[in-house]
Amino acid sequence: MSKRRHPKSRLKKHRLFLAIRLPHLWRRELRRLARRLQRRYRLQDVRWLPPASFHLTLLFLGWVPARDIGRLEDKTWQLVRTLSPFWLETGALGVFPSVNAPHTLWLGVERGSEELTDLHQKLRRQFPFLHLQPSAFQPHFTLAKFSQVPDAARLAALLEEKQLLNLRLRIDRIVLMESFLHPEGAVYHQRQRFNFGAILGQNERTAGKF
């Protein structure tokens, strides 16, 4: 006899986002870059992200009711199966929200930025039932979080750094991630993988710590 799902389980909400997951080589190189930048610029009051947290967020979905996740996955698959692979290359450093009041240090994207922006916009249009708020999109990989505004001269020098990374990645899939918030930082779990141009049976419903 099958176990009936408790009605309250469908009322639960999950903190979700769509992203590009990075291979081990990329996460290792980003970590090496972060260590080199810290040694060179000796920034204070900064928390460098662990390699397991490196990813590129395509669309933050927020708190999604459990009852909407199946629909969300179906709409994502409908779009992703029409896509073709493209290449991504790393770019320059930047900060959010501004140089005068930075809270996030990131590594940008050079090649592939237009394709990522187009994908972001297409994904946003797939989910009218989530009532997502308009927001700007800047493809990036978060490296660190500032707890205090850093020294202006050091920050300016950091953002002019030229010895960065020259990494290339073929983008042929995206993932649906769930974020669990903890005092020491967020932990990410992959809920679903969507392969570009795939038929429904080729998409992998995989769960695991990110």
# chains A, B, ... in the order shown; residues from 1 in each chain; ligands from 1

call {"tool": "closest_atom_pairs", "arguments": {"of": "region 110-209 of chain A", "to": "region 99-103 of chain A", "cutoff": "7 Å", "atoms": "only C-alpha atoms", "output": "Markdown table"}}
result
| residue | atom | partner | partner_atom | distance |
| --- | --- | --- | --- | --- |
| A:Lys145 | CA | A:His103 | CA | 5.5 |
| A:Phe146 | CA | A:His103 | CA | 4.7 |
| A:Ser147 | CA | A:His103 | CA | 6.8 |
| A:Val149 | CA | A:Ala101 | CA | 6.2 |

call {"tool": "write_last_selection", "arguments": {"atoms": "N, CA and C atoms", "output": "PDB file, in the first residue's frame"}}
result
ATOM      1  N   LYS A 145      33.294  37.620   0.196  1.00  0.00           N
ATOM      2  CA  LYS A 145      32.334  38.554   0.780  1.00  0.00           C
ATOM      3  C   LYS A 145      33.070  39.480   1.749  1.00  0.00           C
ATOM      4  N   PHE A 146      32.783  40.773   1.650  1.00  0.00           N
ATOM      5  CA  PHE A 146      33.373  41.758   2.562  1.00  0.00           C
ATOM      6  C   PHE A 146      32.425  42.016   3.728  1.00  0.00           C
ATOM      7  N   SER A 147      32.961  42.004   4.938  1.00  0.00           N
ATOM      8  CA  SER A 147      32.158  42.378   6.101  1.00  0.00           C
ATOM      9  C   SER A 147      32.328  43.850   6.433  1.00  0.00           C
ATOM     10  N   VAL A 149      33.990  47.714   4.535  1.00  0.00           N
ATOM     11  CA  VAL A 149      34.496  48.332   3.311  1.00  0.00           C
ATOM     12  C   VAL A 149      36.023  48.282   3.338  1.00  0.00           C
TER      13      VAL A 149
END

call {"tool": "select_by_dssp", "arguments": {"residues": "region 1-208 of chain A", "states": "strand (DSSP E)", "output": "PyMOL selection string"}}
result
chain A and resi 13-21+46-48+55-65+86-96+104-109+140-146+168-171+173-180+187-195+208

call {"tool": "residues_around", "arguments": {"residues": "Gln133 (chain A)", "least_positions_apart": "4", "cutoff": "12 Å", "atoms": "only C-alpha atoms", "output": "ChimeraX atom specification"}}
result
/A:59-62,124-125,127-129

call {"tool": "write_last_selection", "arguments": {"atoms": "C-alpha atoms", "output": "PDB file, in the first residue's frame"}}
result
ATOM      1  CA  LEU A  59      18.515  32.777 -12.167  1.00  0.00           C
ATOM      2  CA  PHE A  60      17.685  33.010  -8.469  1.00  0.00           C
ATOM      3  CA  LEU A  61      14.178  31.633  -7.974  1.00  0.00           C
ATOM      4  CA  GLY A  62      13.755  32.377  -4.276  1.00  0.00           C
ATOM      5  CA  ARG A 124      12.991  34.233 -16.520  1.00  0.00           C
ATOM      6  CA  ARG A 125      10.200  34.191 -19.108  1.00  0.00           C
ATOM      7  CA  PHE A 127       8.221  30.974 -14.937  1.00  0.00           C
ATOM      8  CA  PRO A 128       5.422  33.592 -14.817  1.00  0.00           C
ATOM      9  CA  PHE A 129       3.755  31.540 -12.072  1.00  0.00           C
TER      10      PHE A 129
END

call {"tool": "residues_around", "arguments": {"residues": "His140 (chain A)", "least_positions_apart": "2", "cutoff": "12 Å", "atoms": "only C-alpha atoms", "output": "PDB file with C-alpha atoms, in the first residue's frame"}}
result
ATOM      1  CA  ALA A  19      23.064  27.625 -12.215  1.00  0.00           C
ATOM      2  CA  ILE A  20      26.078  26.383 -14.098  1.00  0.00           C
ATOM      3  CA  PHE A  54      31.888  28.213  -6.658  1.00  0.00           C
ATOM      4  CA  HIS A  55      29.211  28.309  -9.372  1.00  0.00           C
ATOM      5  CA  LEU A  56      27.557  30.711 -11.796  1.00  0.00           C
ATOM      6  CA  THR A  57      23.983  31.630 -10.914  1.00  0.00           C
ATOM      7  CA  LEU A  58      21.746  31.978 -13.956  1.00  0.00           C
ATOM      8  CA  LEU A  88      32.584  30.453 -21.627  1.00  0.00           C
ATOM      9  CA  GLU A  89      35.878  32.185 -20.749  1.00  0.00           C
ATOM     10  CA  THR A  90      36.819  34.049 -17.578  1.00  0.00           C
ATOM     11  CA  GLY A  91      37.221  37.836 -17.527  1.00  0.00           C
ATOM     12  CA  ALA A  92      38.119  40.633 -15.099  1.00  0.00           C
ATOM     13  CA  LEU A  93      37.433  41.228 -11.405  1.00  0.00           C
ATOM     14  CA  GLY A  94      34.519  43.303 -10.144  1.00  0.00           C
ATOM     15  CA  VAL A  95      32.460  44.075  -7.041  1.00  0.00           C
ATOM     16  CA  PHE A  96      28.815  44.370  -6.080  1.00  0.00           C
ATOM     17  CA  THR A 104      30.958  40.918  -2.958  1.00  0.00           C
ATOM     18  CA  LEU A 105      34.132  40.314  -4.963  1.00  0.00           C
ATOM     19  CA  TRP A 106      33.657  38.386  -8.191  1.00  0.00           C
ATOM     20  CA  LEU A 107      35.395  37.154 -11.321  1.00  0.00           C
ATOM     21  CA  GLY A 108      33.563  38.062 -14.494  1.00  0.00           C
ATOM     22  CA  VAL A 109      32.979  36.380 -17.842  1.00  0.00           C
ATOM     23  CA  GLU A 110      34.573  37.488 -21.110  1.00  0.00           C
ATOM     24  CA  ARG A 111      33.506  35.102 -23.870  1.00  0.00           C
ATOM     25  CA  GLY A 112      29.991  33.737 -23.429  1.00  0.00           C
ATOM     26  CA  SER A 113      28.563  36.738 -21.589  1.00  0.00           C
ATOM     27  CA  LEU A 116      24.523  33.700 -20.635  1.00  0.00           C
ATOM     28  CA  THR A 117      22.483  36.908 -20.558  1.00  0.00           C
ATOM     29  CA  PHE A 137      22.061  40.176 -14.502  1.00  0.00           C
ATOM     30  CA  GLN A 138      25.865  40.181 -14.516  1.00  0.00           C
ATOM     31  CA  THR A 142      31.612  35.003  -6.483  1.00  0.00           C
ATOM     32  CA  LEU A 143      35.040  34.773  -4.843  1.00  0.00           C
ATOM     33  CA  ALA A 144      34.619  36.558  -1.512  1.00  0.00           C
TER      34      ALA A 144
END

call {"tool": "residues_around", "arguments": {"residues": "Val187 (chain A)", "least_positions_apart": "3", "cutoff": "12 Å", "atoms": "only C-alpha atoms", "output": "compact mmCIF listing (two decimals) with N, CA and C atoms, in the first residue's frame"}}
result
# COMPACT_ATOMS: atom_id res chain seq x y z
N ARG A 15 14.43 26.96 -1.19
CA ARG A 15 15.20 28.09 -1.72
C ARG A 15 16.02 27.59 -2.92
N LEU A 16 15.60 27.97 -4.12
CA LEU A 16 16.13 27.38 -5.34
C LEU A 16 16.78 28.41 -6.26
N LEU A 49 35.26 32.36 -0.30
CA LEU A 49 34.38 31.21 -0.41
C LEU A 49 35.18 29.92 -0.59
N PRO A 50 34.69 28.82 -0.05
CA PRO A 50 35.35 27.52 -0.27
C PRO A 50 35.08 27.04 -1.69
N PRO A 51 35.94 26.19 -2.24
CA PRO A 51 35.77 25.71 -3.62
C PRO A 51 34.40 25.10 -3.90
N ALA A 52 33.83 24.42 -2.92
CA ALA A 52 32.53 23.77 -3.13
C ALA A 52 31.42 24.76 -3.42
N SER A 53 31.63 26.03 -3.09
CA SER A 53 30.58 27.04 -3.28
C SER A 53 30.67 27.75 -4.62
N PHE A 54 31.72 27.51 -5.39
CA PHE A 54 31.89 28.21 -6.66
C PHE A 54 30.89 27.70 -7.70
N MET A 177 19.53 24.00 -8.31
CA MET A 177 20.17 23.85 -7.02
C MET A 177 19.24 24.31 -5.90
N GLU A 178 19.41 23.67 -4.74
CA GLU A 178 18.71 24.11 -3.53
C GLU A 178 19.74 24.62 -2.54
N SER A 179 19.44 25.74 -1.92
CA SER A 179 20.35 26.40 -0.99
C SER A 179 19.82 26.25 0.44
N PHE A 180 20.70 25.76 1.32
CA PHE A 180 20.37 25.63 2.74
C PHE A 180 21.24 26.61 3.51
N LEU A 181 20.61 27.53 4.22
CA LEU A 181 21.34 28.59 4.90
C LEU A 181 21.79 28.15 6.28
N HIS A 182 23.08 28.42 6.58
CA HIS A 182 23.68 28.12 7.87
C HIS A 182 24.50 29.33 8.32
N PRO A 183 24.74 29.47 9.62
CA PRO A 183 25.53 30.61 10.11
C PRO A 183 26.91 30.72 9.45
N GLU A 184 27.52 29.59 9.14
CA GLU A 184 28.86 29.60 8.54
C GLU A 184 28.82 29.75 7.03
N GLN A 190 22.35 19.72 -5.44
CA GLN A 190 21.80 19.63 -6.78
C GLN A 190 20.54 18.79 -6.76
N GLY A 208 22.44 15.62 -4.44
CA GLY A 208 23.74 15.48 -3.78
C GLY A 208 24.27 16.82 -3.34
N LYS A 209 25.21 16.76 -2.43
CA LYS A 209 25.81 17.98 -1.90
C LYS A 209 26.67 18.61 -2.98
N PHE A 210 26.57 19.94 -3.08
CA PHE A 210 27.30 20.66 -4.13
C PHE A 210 28.65 21.07 -3.59

call {"tool": "residues_around", "arguments": {"residues": "Asn195 (chain A)", "least_positions_apart": "6", "cutoff": "7 Å", "atoms": "only C-alpha atoms", "output": "VMD selection string"}}
result
chain A and resid 80 172 to 174 203

call {"tool": "closest_residue", "arguments": {"among": "A:Leu176, A:Leu159, A:Leu33, A:Leu167", "to": "Trp87 (chain A)", "atoms": "only C-alpha atoms"}}
result
A:Leu167

call {"tool": "select_by_dssp", "arguments": {"residues": "region 7-134 of chain A", "states": "helix (DSSP H, G or I)", "output": "PyMOL selection string"}}
result
chain A and resi 7-11+24-41+51-53+66-80+113-126+128-130

call {"tool": "write_last_selection", "arguments": {"atoms": "C-alpha atoms", "output": "short mmCIF file (atom, residue, chain, number, x, y, z; two decimals), in the first residue's frame"}}
result
data_model
loop_
_atom_site.label_atom_id
_atom_site.label_comp_id
_atom_site.auth_asym_id
_atom_site.auth_seq_id
_atom_site.Cartn_x
_atom_site.Cartn_y
_atom_site.Cartn_z
CA PRO A 7 -0.81 17.83 2.54
CA LYS A 8 1.60 20.00 4.51
CA SER A 9 4.54 18.68 2.45
CA ARG A 10 3.19 20.54 -0.58
CA LEU A 11 3.10 23.77 1.41
CA HIS A 24 36.79 20.26 -10.23
CA LEU A 25 39.57 21.91 -12.26
CA TRP A 26 37.73 25.21 -12.36
CA ARG A 27 36.97 25.18 -8.63
CA ARG A 28 40.60 24.38 -7.86
CA GLU A 29 41.89 27.22 -10.07
CA LEU A 30 39.43 29.72 -8.60
CA ARG A 31 40.62 28.76 -5.12
CA ARG A 32 44.25 29.26 -6.16
CA LEU A 33 43.37 32.67 -7.55
CA ALA A 34 41.63 33.65 -4.31
CA ARG A 35 44.67 32.64 -2.24
CA ARG A 36 47.03 34.55 -4.52
CA LEU A 37 44.89 37.69 -4.34
CA GLN A 38 44.74 37.51 -0.55
CA ARG A 39 48.53 37.13 -0.26
CA ARG A 40 49.17 40.01 -2.64
CA TYR A 41 46.61 42.53 -1.38
CA PRO A 51 35.77 25.71 -3.62
CA ALA A 52 32.53 23.77 -3.13
CA SER A 53 30.58 27.04 -3.28
CA ALA A 66 7.00 22.33 -3.19
CA ARG A 67 3.85 22.05 -5.28
CA ASP A 68 5.46 24.22 -8.02
CA ILE A 69 8.80 22.38 -8.34
CA GLY A 70 7.57 19.75 -10.81
CA ARG A 71 6.12 22.48 -13.02
CA LEU A 72 9.34 24.46 -12.73
CA GLU A 73 11.40 21.46 -13.86
CA ASP A 74 9.08 20.77 -16.79
CA LYS A 75 9.27 24.39 -17.99
CA THR A 76 13.06 24.36 -17.64
CA TRP A 77 13.31 21.18 -19.69
CA GLN A 78 11.06 22.65 -22.41
CA LEU A 79 13.56 25.48 -22.89
CA VAL A 80 16.85 23.66 -22.36
CA SER A 113 28.56 36.74 -21.59
CA GLU A 114 25.97 37.48 -24.28
CA GLU A 115 24.86 33.84 -24.42
CA LEU A 116 24.52 33.70 -20.64
CA THR A 117 22.48 36.91 -20.56
CA ASP A 118 20.20 35.58 -23.29
CA LEU A 119 19.77 32.32 -21.36
CA HIS A 120 18.96 34.23 -18.18
CA GLN A 121 16.25 36.21 -19.95
CA LYS A 122 14.75 33.11 -21.56
CA LEU A 123 14.66 31.29 -18.23
CA ARG A 124 12.99 34.23 -16.52
CA ARG A 125 10.20 34.19 -19.11
CA GLN A 126 9.57 30.48 -18.46
CA PRO A 128 5.42 33.59 -14.82
CA PHE A 129 3.76 31.54 -12.07
CA LEU A 130 6.68 32.33 -9.73
#

call {"tool": "atom_distance", "arguments": {"atom1": "CA of Gly185 (chain A)", "atom2": "CA of Lys13 (chain A)"}}
result
19.4 Å
